[in-house]
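**Q** Supplied structure: target_17.txt, compact mmCIF, C-alpha atoms and all ligand atoms.
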```txt
# COMPACT_ATOMS: atom_id res chain seq x y z
CA MET A 275 -119.76 205.04 -24.27
CA ILE A 276 -118.21 201.62 -23.73
CA TRP A 277 -118.46 200.93 -27.43
CA PHE A 278 -116.35 203.99 -28.21
CA VAL A 279 -113.56 202.93 -25.85
CA ASN A 280 -113.41 199.46 -27.39
CA PHE A 281 -113.26 200.86 -30.86
CA MET A 282 -110.45 203.29 -30.15
CA SER A 283 -108.39 200.71 -28.35
CA VAL A 284 -108.15 198.45 -31.38
CA SER A 285 -108.13 200.64 -34.43
CA LYS A 286 -107.10 204.16 -35.19
CA TYR A 287 -109.60 204.07 -38.03
CA ARG A 288 -113.30 204.85 -37.81
CA ILE A 289 -115.06 202.15 -39.77
CA SER A 290 -118.63 202.13 -41.07
CA TYR A 291 -120.13 198.82 -42.05
CA PHE A 292 -123.37 198.63 -44.03
CA TYR A 293 -125.57 195.57 -43.78
CA ASP A 294 -129.25 194.87 -44.40
CA GLU A 295 -130.43 191.54 -43.05
CA GLU A 296 -132.87 191.23 -45.97
CA ILE A 297 -129.98 190.67 -48.38
CA GLY A 298 -129.88 186.94 -47.66
CA ASN A 299 -133.51 186.50 -48.71
CA TYR A 300 -133.07 187.38 -52.37
CA TYR A 301 -132.66 184.47 -54.70
CA TYR A 302 -131.55 184.63 -58.33
CA GLU A 303 -132.58 181.14 -59.47
CA GLU A 304 -131.97 177.59 -58.37
CA TYR A 305 -128.92 176.87 -60.48
CA HIS A 306 -127.65 180.42 -60.67
CA PRO A 307 -124.14 180.76 -59.21
CA MET A 308 -124.83 184.13 -57.55
CA LYS A 309 -126.12 183.55 -54.01
CA PRO A 310 -126.83 186.74 -52.03
CA VAL A 311 -127.00 184.63 -48.86
CA ARG A 312 -123.16 184.67 -48.88
CA VAL A 313 -123.35 188.25 -47.51
CA ARG A 314 -125.52 187.07 -44.61
CA MET A 315 -123.09 184.20 -43.98
CA CYS A 316 -120.25 186.71 -43.85
CA HIS A 317 -122.18 188.94 -41.45
CA THR A 318 -122.98 185.99 -39.20
CA LEU A 319 -119.26 185.28 -38.96
CA VAL A 320 -118.47 188.95 -38.30
CA LEU A 321 -120.87 188.82 -35.35
CA ALA A 322 -119.62 185.47 -34.10
CA TYR A 323 -116.03 186.72 -34.14
CA ASP A 324 -117.15 189.89 -32.31
CA ILE A 325 -115.70 192.10 -35.02
CA HIS A 326 -118.85 194.25 -35.01
CA LYS A 327 -117.77 195.69 -31.66
CA HIS A 328 -115.12 197.63 -33.55
CA LEU A 329 -117.42 198.84 -36.31
CA GLN A 330 -120.21 201.34 -36.66
CA VAL A 331 -122.92 199.13 -38.07
CA PHE A 332 -125.56 200.72 -40.29
CA ARG A 333 -128.61 199.45 -42.05
CA PRO A 334 -128.28 201.22 -45.39
CA ARG A 335 -131.12 203.27 -46.71
CA ARG A 336 -132.41 201.97 -50.01
CA ALA A 337 -131.33 203.88 -53.09
CA SER A 338 -134.18 205.49 -55.01
CA ALA A 339 -134.84 205.09 -58.72
CA VAL A 340 -133.94 208.76 -59.20
CA GLU A 341 -130.56 208.23 -57.53
CA MET A 342 -129.88 205.30 -59.82
CA MET A 343 -130.68 207.52 -62.80
CA ARG A 344 -127.63 209.63 -62.00
CA PHE A 345 -125.90 206.98 -64.06
CA HIS A 346 -128.49 204.65 -65.55
CA SER A 347 -130.97 205.47 -68.30
CA PRO A 348 -134.49 206.21 -67.03
CA ASP A 349 -136.14 203.58 -69.23
CA TYR A 350 -133.86 200.83 -67.90
CA ILE A 351 -134.51 201.74 -64.25
CA LYS A 352 -138.23 202.14 -64.92
CA PHE A 353 -138.26 198.62 -66.33
CA LEU A 354 -136.53 197.23 -63.22
CA VAL A 355 -139.02 199.01 -60.96
CA GLU A 356 -142.08 197.83 -62.83
CA HIS A 357 -141.34 194.21 -63.58
CA THR A 358 -141.41 191.01 -61.57
CA PRO A 359 -141.09 187.42 -62.81
CA ASP A 360 -144.90 187.29 -63.10
CA SER A 361 -145.41 190.57 -64.97
CA PRO A 362 -148.00 189.95 -67.66
CA THR A 363 -146.66 192.79 -69.78
CA ILE A 364 -143.10 191.57 -69.99
CA SER A 365 -141.89 191.46 -73.58
CA PHE A 366 -139.03 189.58 -75.12
CA GLN A 367 -137.88 192.72 -76.98
CA GLU A 368 -137.55 194.66 -73.75
CA THR A 369 -135.78 191.95 -71.75
CA ASN A 370 -133.46 191.55 -74.70
CA LYS A 371 -132.79 195.26 -74.92
CA PHE A 372 -131.84 195.42 -71.26
CA CYS A 373 -129.99 192.07 -71.36
CA LEU A 374 -132.27 190.54 -68.74
CA GLY A 375 -132.87 186.80 -68.54
CA ASN A 376 -130.21 184.07 -68.57
CA ASP A 377 -127.25 185.43 -66.55
CA CYS A 378 -129.34 188.30 -65.21
CA PRO A 379 -132.77 186.83 -64.50
CA ILE A 380 -135.71 188.91 -63.32
CA PHE A 381 -136.26 187.41 -59.88
CA GLU A 382 -138.67 188.19 -57.06
CA ASP A 383 -138.05 191.66 -55.53
CA LEU A 384 -135.09 192.27 -57.85
CA PHE A 385 -135.39 196.04 -57.63
CA GLU A 386 -135.39 195.98 -53.84
CA TYR A 387 -132.21 193.88 -53.94
CA CYS A 388 -130.60 196.52 -56.19
CA GLN A 389 -131.76 199.28 -53.84
CA ILE A 390 -129.98 197.64 -50.90
CA SER A 391 -126.78 197.02 -52.83
CA ALA A 392 -126.65 200.55 -54.30
CA GLY A 393 -127.97 202.24 -51.16
CA GLY A 394 -125.14 200.74 -49.12
CA THR A 395 -122.41 201.93 -51.46
CA ILE A 396 -123.84 205.45 -51.85
CA SER A 397 -124.31 205.76 -48.08
CA ALA A 398 -120.77 204.48 -47.52
CA ALA A 399 -119.47 207.16 -49.90
CA GLN A 400 -121.40 209.80 -47.96
CA ARG A 401 -119.87 208.71 -44.66
CA LEU A 402 -116.42 209.23 -46.20
CA ASN A 403 -117.44 212.52 -47.81
CA TYR A 404 -118.66 213.96 -44.51
CA GLY A 405 -115.49 212.87 -42.76
CA TYR A 406 -117.40 210.62 -40.36
CA SER A 407 -115.47 207.49 -41.36
CA ASP A 408 -112.02 206.60 -42.59
CA ILE A 409 -113.15 203.28 -44.02
CA ALA A 410 -116.65 202.23 -45.12
CA ILE A 411 -117.64 198.69 -46.07
CA ASN A 412 -120.58 197.38 -48.13
CA TRP A 413 -120.18 193.69 -48.94
CA ALA A 414 -123.53 193.71 -50.79
CA GLY A 415 -122.03 196.09 -53.36
CA GLY A 416 -119.35 195.68 -56.01
CA MET A 417 -121.61 195.09 -58.99
CA HIS A 418 -118.93 196.11 -61.45
CA HIS A 419 -120.41 194.82 -64.73
CA ALA A 420 -123.71 196.75 -64.71
CA ALA A 421 -123.88 199.26 -67.56
CA LYS A 422 -125.80 202.47 -68.14
CA GLU A 423 -128.62 200.85 -70.09
CA LYS A 424 -128.32 197.18 -69.36
CA ALA A 425 -127.61 194.41 -66.92
CA SER A 426 -124.50 192.26 -67.31
CA GLY A 427 -122.68 189.46 -65.49
CA PHE A 428 -125.22 189.05 -62.63
CA CYS A 429 -125.13 192.85 -62.06
CA TYR A 430 -128.12 195.15 -62.57
CA VAL A 431 -127.45 198.47 -60.86
CA ALA A 432 -123.94 199.92 -60.91
CA ASP A 433 -123.42 200.67 -57.22
CA CYS A 434 -119.68 201.20 -57.77
CA VAL A 435 -120.30 203.90 -60.36
CA LEU A 436 -122.98 205.54 -58.21
CA GLY A 437 -120.66 205.44 -55.18
CA ILE A 438 -117.81 207.01 -57.15
CA LEU A 439 -120.13 209.74 -58.46
CA GLU A 440 -121.01 210.45 -54.85
CA LEU A 441 -117.32 210.57 -53.85
CA LEU A 442 -116.61 212.98 -56.72
CA LYS A 443 -118.86 215.58 -55.06
CA TYR A 444 -116.17 216.08 -52.43
CA ASN A 445 -113.06 214.50 -53.89
CA PRO A 446 -111.00 215.84 -56.79
CA ARG A 447 -109.56 212.41 -57.61
CA VAL A 448 -110.97 208.95 -56.91
CA MET A 449 -109.12 205.69 -57.55
CA TYR A 450 -110.99 202.45 -58.22
CA ILE A 451 -109.14 199.17 -57.64
CA ASP A 452 -110.71 195.86 -58.65
CA ILE A 453 -109.41 192.43 -57.53
CA ASP A 454 -112.38 190.38 -58.75
CA ILE A 455 -111.23 187.72 -61.24
CA HIS A 456 -113.38 189.39 -63.91
CA HIS A 457 -112.53 192.66 -65.58
CA GLY A 458 -114.30 195.65 -63.99
CA ASP A 459 -115.72 196.65 -67.35
CA GLY A 460 -118.79 198.60 -66.20
CA VAL A 461 -116.80 200.94 -63.96
CA GLU A 462 -114.05 201.34 -66.53
CA GLU A 463 -116.54 202.25 -69.24
CA ALA A 464 -118.34 204.79 -67.05
CA PHE A 465 -115.14 206.76 -66.42
CA TYR A 466 -113.14 205.89 -69.54
CA ASP A 467 -112.83 209.54 -70.64
CA SER A 468 -112.40 211.05 -67.18
CA ASP A 469 -109.15 212.17 -65.56
CA ARG A 470 -110.81 212.41 -62.14
CA VAL A 471 -111.30 208.67 -61.76
CA LEU A 472 -108.42 206.26 -62.24
CA THR A 473 -109.63 202.68 -62.64
CA CYS A 474 -107.27 199.76 -62.16
CA SER A 475 -108.50 196.20 -62.71
CA PHE A 476 -106.56 192.97 -62.08
CA HIS A 477 -108.31 190.12 -63.87
CA LYS A 478 -108.11 186.96 -65.86
CA TYR A 479 -107.93 187.77 -69.56
CA GLY A 480 -108.08 185.59 -72.65
CA ASN A 481 -109.67 182.35 -73.84
CA ASP A 482 -113.05 184.14 -74.10
CA PHE A 483 -113.20 184.55 -70.34
CA PHE A 484 -116.08 186.88 -69.36
CA PRO A 485 -116.46 189.77 -70.14
CA GLY A 486 -113.65 189.60 -72.71
CA THR A 487 -112.44 193.18 -72.16
CA GLY A 488 -109.50 194.53 -70.13
CA ASN A 489 -106.60 194.43 -72.58
CA ILE A 490 -103.41 195.95 -71.21
CA MET A 491 -103.45 198.54 -73.97
CA ASP A 492 -106.92 199.82 -73.07
CA ILE A 493 -105.76 202.94 -71.25
CA GLY A 494 -108.62 205.43 -71.53
CA THR A 495 -109.48 208.09 -74.07
CA GLY A 496 -109.58 211.89 -74.42
CA LEU A 497 -108.99 213.56 -71.07
CA GLY A 498 -109.08 210.11 -69.53
CA LYS A 499 -106.14 208.79 -71.54
CA TYR A 500 -103.76 206.93 -69.18
CA TYR A 501 -106.36 207.00 -66.37
CA THR A 502 -107.50 203.46 -67.13
CA VAL A 503 -105.16 200.67 -66.08
CA ASN A 504 -105.64 197.01 -66.95
CA VAL A 505 -103.62 194.14 -65.58
CA PRO A 506 -104.56 191.02 -67.58
CA LEU A 507 -103.54 187.75 -65.94
CA ARG A 508 -103.70 184.03 -66.61
CA ASP A 509 -105.03 181.03 -64.70
CA GLY A 510 -103.43 179.90 -61.48
CA MET A 511 -102.41 183.26 -59.97
CA ASP A 512 -101.12 182.51 -56.47
CA ASP A 513 -100.40 184.82 -53.53
CA GLU A 514 -96.76 185.40 -54.48
CA SER A 515 -97.55 186.17 -58.14
CA TYR A 516 -100.40 188.47 -57.21
CA ARG A 517 -98.24 190.36 -54.71
CA THR A 518 -95.54 190.77 -57.38
CA VAL A 519 -97.81 192.73 -59.68
CA PHE A 520 -100.30 194.27 -57.26
CA LYS A 521 -98.04 196.13 -54.86
CA PRO A 522 -95.66 197.93 -57.25
CA ILE A 523 -98.48 198.91 -59.60
CA ILE A 524 -100.75 200.21 -56.83
CA ALA A 525 -97.86 202.04 -55.14
CA ARG A 526 -96.87 203.73 -58.41
CA LEU A 527 -100.45 204.68 -59.26
CA ILE A 528 -101.16 206.15 -55.84
CA GLU A 529 -97.88 208.04 -55.86
CA TRP A 530 -98.66 209.51 -59.25
CA PHE A 531 -102.43 210.03 -59.11
CA ARG A 532 -102.65 211.05 -55.44
CA PRO A 533 -106.28 209.95 -54.98
CA THR A 534 -108.22 211.63 -52.19
CA ALA A 535 -110.49 208.58 -51.92
CA ILE A 536 -110.20 204.95 -53.03
CA MET A 537 -112.87 202.38 -53.81
CA LEU A 538 -111.67 198.77 -53.54
CA GLN A 539 -113.80 196.08 -55.17
CA CYS A 540 -113.01 192.78 -53.42
CA GLY A 541 -114.59 190.20 -55.71
CA ALA A 542 -113.89 186.85 -54.04
CA ASP A 543 -114.02 184.78 -57.23
CA SER A 544 -110.24 185.27 -57.46
CA LEU A 545 -109.89 182.85 -54.52
CA VAL A 546 -108.77 179.25 -54.83
CA GLY A 547 -111.62 176.85 -55.58
CA ASP A 548 -114.15 179.39 -56.84
CA ARG A 549 -116.99 177.84 -58.82
CA LEU A 550 -116.38 180.17 -61.79
CA GLY A 551 -112.85 181.48 -61.28
CA ASN A 552 -109.55 179.75 -61.87
CA PHE A 553 -107.05 181.64 -59.74
CA ASN A 554 -105.30 180.15 -56.74
CA LEU A 555 -105.33 182.90 -54.11
CA SER A 556 -105.59 182.04 -50.44
CA THR A 557 -107.64 184.24 -48.12
CA TYR A 558 -104.31 185.56 -46.80
CA GLY A 559 -103.24 186.62 -50.30
CA HIS A 560 -106.60 188.22 -51.09
CA GLY A 561 -106.61 189.98 -47.72
CA GLU A 562 -103.05 191.19 -48.22
CA CYS A 563 -104.31 193.37 -51.09
CA VAL A 564 -106.87 194.90 -48.74
CA GLU A 565 -104.25 195.44 -46.04
CA TYR A 566 -101.91 197.05 -48.56
CA VAL A 567 -104.49 199.50 -49.90
CA LYS A 568 -105.52 200.36 -46.35
CA SER A 569 -101.88 201.06 -45.43
CA PHE A 570 -101.86 204.25 -47.54
CA GLY A 571 -104.28 205.82 -45.06
CA ILE A 572 -106.52 207.29 -47.78
CA PRO A 573 -110.32 207.29 -47.18
CA LEU A 574 -111.38 203.87 -48.36
CA LEU A 575 -114.70 202.46 -49.58
CA VAL A 576 -114.65 198.66 -49.69
CA VAL A 577 -117.27 196.71 -51.62
CA GLY A 578 -117.86 193.04 -52.41
CA GLY A 579 -118.34 191.71 -55.93
CA GLY A 580 -118.15 188.24 -57.46
CA GLY A 581 -117.57 185.04 -55.54
CA TYR A 582 -119.41 181.83 -56.28
CA THR A 583 -118.34 179.37 -53.62
CA LYS A 584 -120.39 180.96 -50.90
CA ALA A 585 -118.54 179.56 -47.89
CA SER A 586 -115.28 180.90 -49.34
CA VAL A 587 -116.80 184.33 -49.93
CA ALA A 588 -118.07 184.52 -46.34
CA ARG A 589 -114.67 183.46 -44.97
CA CYS A 590 -112.80 185.96 -47.14
CA TRP A 591 -114.97 189.02 -46.46
CA CYS A 592 -115.16 188.25 -42.73
CA TYR A 593 -111.35 188.03 -42.63
CA GLU A 594 -111.06 191.26 -44.61
CA THR A 595 -113.46 193.01 -42.22
CA ALA A 596 -111.05 191.97 -39.46
CA VAL A 597 -108.06 193.16 -41.49
CA LEU A 598 -109.69 196.55 -42.05
CA THR A 599 -110.58 196.78 -38.38
CA GLY A 600 -107.13 195.71 -37.24
CA VAL A 601 -108.26 192.82 -35.04
CA ASP A 602 -106.69 189.37 -35.08
CA ILE A 603 -109.16 186.52 -35.27
CA PRO A 604 -108.42 182.81 -34.83
CA ASN A 605 -108.50 180.34 -37.67
CA GLU A 606 -110.81 178.03 -35.73
CA MET A 607 -114.31 179.20 -36.60
CA PRO A 608 -116.87 180.08 -33.94
CA GLN A 609 -120.20 178.27 -33.83
CA THR A 610 -122.83 179.80 -36.16
CA ASP A 611 -126.00 178.63 -37.90
CA TYR A 612 -123.95 178.11 -41.03
CA ILE A 613 -121.11 176.11 -39.46
CA ASP A 614 -121.96 173.02 -41.54
CA PHE A 615 -121.12 174.94 -44.72
CA TYR A 616 -117.49 175.14 -43.59
CA GLU A 617 -116.30 171.53 -43.77
CA ASN A 618 -113.11 171.94 -41.75
CA HIS A 619 -114.40 174.74 -39.51
CA LYS A 620 -111.34 176.80 -40.44
CA LEU A 621 -111.52 180.43 -41.49
CA HIS A 622 -108.68 180.41 -43.97
CA LEU A 623 -108.44 178.88 -47.41
CA VAL A 624 -105.03 177.72 -48.51
CA ALA A 625 -103.78 177.63 -52.10
CA ASP A 626 -103.96 174.38 -54.05
CA ALA A 627 -100.36 173.10 -54.22
CA ASN A 628 -101.15 171.05 -57.33
CA LYS A 629 -102.59 173.86 -59.38
CA LYS A 630 -100.39 175.08 -62.22
CA ASN A 631 -99.59 178.77 -62.32
CA MET A 632 -99.75 179.90 -65.95
CA ASN A 633 -98.18 183.27 -65.09
CA SER A 634 -94.41 183.00 -65.44
CA THR A 635 -92.07 185.43 -63.69
CA GLU A 636 -91.18 186.89 -67.08
CA PHE A 637 -94.85 187.30 -68.05
CA LEU A 638 -95.61 189.12 -64.79
CA TRP A 639 -92.55 191.33 -65.16
CA ASN A 640 -93.62 192.33 -68.67
CA ILE A 641 -97.13 193.14 -67.46
CA GLN A 642 -95.80 195.28 -64.66
CA THR A 643 -93.33 197.22 -66.81
CA THR A 644 -95.90 197.81 -69.56
CA VAL A 645 -98.43 199.19 -67.07
CA ILE A 646 -95.86 201.45 -65.44
CA GLU A 647 -94.60 202.57 -68.84
CA ASN A 648 -98.16 203.49 -69.84
CA ILE A 649 -98.61 205.84 -66.90
CA ARG A 650 -95.15 207.37 -67.25
CA HIS A 651 -96.60 209.63 -69.94
CA LEU A 652 -98.23 211.81 -67.33
CA PRO A 653 -95.92 213.50 -64.85
CA ALA A 654 -98.30 214.39 -62.01
CA ALA A 655 -101.81 214.18 -60.69
CA PRO A 656 -104.35 216.33 -62.49
CA SER A 657 -105.48 219.32 -60.52
CA VAL A 658 -109.19 219.86 -60.46
CA GLN A 659 -110.89 223.15 -60.02
CA MET A 660 -113.64 221.98 -57.70
CA GLN A 661 -116.98 223.53 -58.47
CA GLU A 662 -118.97 224.90 -55.58
CA LEU A 663 -119.80 221.93 -53.41
CA PRO A 664 -123.36 220.68 -53.47
CA PRO A 665 -125.42 221.51 -50.41
CA ARG A 666 -124.47 219.24 -47.57
CA ASP A 667 -127.08 216.55 -47.90
CA LEU A 668 -129.06 215.97 -44.80
CA ILE A 669 -128.20 212.65 -43.30
CA THR A 670 -131.41 210.72 -43.43
CA ALA A 671 -132.67 208.65 -40.57
CA ALA A 672 -131.61 205.52 -42.39
CA MET A 673 -128.03 206.76 -42.53
CA ARG A 674 -127.88 206.69 -38.77
CA PRO A 675 -126.22 203.81 -36.98
CA VAL A 676 -128.28 200.96 -35.70
CA ASN A 677 -127.54 201.42 -32.02
CA ASP A 678 -128.36 204.42 -29.87
CA GLU A 679 -124.82 205.21 -28.78
CA ASP A 680 -123.80 205.70 -32.38
CA ARG A 681 -126.84 207.79 -33.07
CA HIS A 682 -125.86 210.07 -30.25
CA SER A 683 -122.32 210.55 -31.53
CA ASN A 684 -123.62 211.34 -35.00
CA GLU A 685 -125.95 214.02 -33.78
CA GLU A 686 -123.00 215.65 -32.14
CA GLU A 687 -121.06 215.55 -35.38
CA GLU A 688 -123.87 217.17 -37.28
ZN ZN B 1 -116.24 188.22 -60.93
```
Spell out the structure here as structure tokens.

**A**
Amino acid sequence: MIWFVNFMSVSKYRISYFYDEEIGNYYYEEYHPMKPVRVRMCHTLVLAYDIHKHLQVFRPRRASAVEMMRFHSPDYIKFLVEHTPDSPTISFQETNKFCLGNDCPIFEDLFEYCQISAGGTISAAQRLNYGYSDIAINWAGGMHHAAKEKASGFCYVADCVLGILELLKYNPRVMYIDIDIHHGDGVEEAFYDSDRVLTCSFHKYGNDFFPGTGNIMDIGTGLGKYYTVNVPLRDGMDDESYRTVFKPIIARLIEWFRPTAIMLQCGADSLVGDRLGNFNLSTYGHGECVEYVKSFGIPLLVVGGGGYTKASVARCWCYETAVLTGVDIPNEMPQTDYIDFYENHKLHLVADANKKNMNSTEFLWNIQTTVIENIRHLPAAPSVQMQELPPRDLITAAMRPVNDEDRHSNEEEE
């Protein structure tokens, strides 16, 4: 059990990491900004930096259509299953109804791509539920715009929502934190009237920036009132500004809500130089959010999300895998097949010193106090009378780790 000794010597956390090598083969369209190959580039770096030696690496099982229907409407999922770009029966009315085409094209093997993304997040949630892992990572997940009956913002199947539903089987309270530059509208909407899921999204807001939602006064409804938190920001957010709002708000929310599990969506389009985003975060600043959330020691499910400069995404998520694992890795990048994508061969991105930060100290202070004032209405975490737990799902073969040593340790746990 050499692997086990290595793992324990570096990190006190048990970390599951879900990766399917097929992910890099899916292709939206030539000029589409979403490039699934970024996840393969990240994984290649994780291997080259030897971070995988401190992880339990799994190939996720693929989520079934029925599993997806725990949140999505059957006719939407049926459409995704049955249609390819060449389908002769495809109708304009249907693609319109499900918001497919344009931003969300029907590409080759689209459903399979969704199965991998959703399968990873659901499996990651199960690892946490069973107590097998303290942290579980699925960089192919984080599709936070997908809605119950339609695709949106490059997202088709709502893996975040499905993962949270899975966590709710065993957890009375789940917190969702979103640091993608876009508002996490799909996840917010799914749990807008629930007091068992607190969603908190930090995003650019205003000037018709997609998706246009995420106003600071959108705080939830019914039982879910005050359990939705929105932190709307302006262009040019740098590490210092982000830290100023992120840490006090997250600390206050965790103190008050006392989540028993957290999902962290790490959209990398909030980094400096993103093709679609306009923030100015370095990889250190982005990773500091991950480090901070990890520091609370609450079971943590980490997913990817946006990120449209693929070399930056790979750098960021590789670094954050190291942060979660607790290993230090050098800035000088190791040799990989993708080395030519990283012009300077350095892991870290630094902020653009010439970029104007449109978020003044006063603006950020007002945001922070308004958010904290909103949640002051509720004195303590809701208590949940847990229903009888569902039968302990059998761990399928695909949930088992890739290497034999891991498989052995899992059988013992079962
Ligand atoms: Zn985004």

**Q** Given a cut-off of 10 Å, what residues near ligand ZN 1 (chain B) show up using only C-alpha atoms and all ligand atoms, put as an MDAnalysis selection string?

**A** chainID A and resid 416:419 427:428 452:458 477:478 484:485 540:544 548 550:551 578:582

**Q** Would you compute the distance between atom CA of A:Thr610 and atom CA of A:Gly415? Give it in Å to one decimal.

**A**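 It comes out at 23.7 Å.
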
**Q** Can you tell me, as a VMD selection string, what residues are no more than 12 Å from A:Phe476 when counting only C-alpha atoms, ignoring any on the same chain fewer than 3 positions away?

**A** chain A and resid 450 to 459 473 479 487 to 490 502 to 508 511 515 to 517 519 to 521 523 to 524 538 to 541 544 553 560 563 638 641 to 642 645

**Q** Which residue is closest to A:Leu575? Choose from A:Gln330, A:Thr369, A:Thr395, A:Asn648 and count all atoms listed in the file.

**A**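 With all atoms listed in the file as the atom set, the closest residue is A:Thr395.
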
**Q** Using all atoms listed in the file, pick whichever of A:Pro533, A:Gly561, A:Gly394, A:Pro334 has the shortest atom-to-atom distance to A:Val577.

**A**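 Looking only at the distances to A:Val577, the closest residue turns out to be A:Gly394.
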
**Q** Compare A:Gly510, A:His306, A:Lys371, A:His357 by their minimum atom-to-atom distance to A:Lys630, counting only C-alpha atoms, and give me the closest one.

**A**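 Among the listed residues, A:Gly510 lies closest to A:Lys630.
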
**Q** Find the residues near stretch 601-604 of chain A: any atom within 9 Å, counting all atoms listed in the file, skip ones fewer than 4 places away on the same chain, and give them as a count of residues only.

**A** 12

**Q** What does the distance from atom CA of A:Arg333 to atom CA of A:Tyr387 come to in Å, to one decimal?

**A** 13.6 Å

**Q** Compile the contact shell of A:Asn445 as a list in words: residues with an atom at most 6 Å away, counting all atoms listed in the file, same-chain residues fewer than 3 positions apart removed.

**A** Leu441, Leu442 and Thr534 of chain A

**Q** Find the residues around A:Leu598 up to 8 Å (all atoms listed in the file counted), leave out those fewer than 6 positions away in its own chain, and share them as a list in words.

**A**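 Within the cut-off, the hits are Ile409, Val564, Glu565 and Lys568 of chain A.
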
**Q** Quick check, in Å to one decimal: how far apart do atom CA of A:Glu341 and atom CA of A:Leu436 lie?

**A**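 Computed distance, atom CA of A:Glu341 to atom CA of A:Leu436, equals 8.1 Å.
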
**Q** Would you mind telling me which residue in A:Ser657, A:Asn631, A:Thr557, A:Gln389 lies nearest to A:Ala339 when using only C-alpha atoms?

**A**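 The shortest atom-to-atom distance to A:Ala339 comes from A:Gln389.
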
**Q** Can you list, as an MDAnalysis selection string, every protein, DNA or RNA residue that comes within 12 Å of A:Asp611 when you count all atoms listed in the file, leaving out same-chain residues fewer than 3 positions away?

**A** chainID A and resid 314:319 321:322 607:608 614:616

**Q** Draw an axis-aligned box tight on the listed atoms of stretch 555-565 of chain A, then pad every side by 8 Å and write out centre and edge lengths in Å to one decimal as lines of an AutoDock Vina configuration file.

**A**
```
center_x = -105.3
center_y = 188.7
center_z = -50.1
size_x = 20.6
size_y = 29.4
size_z = 24.1
```
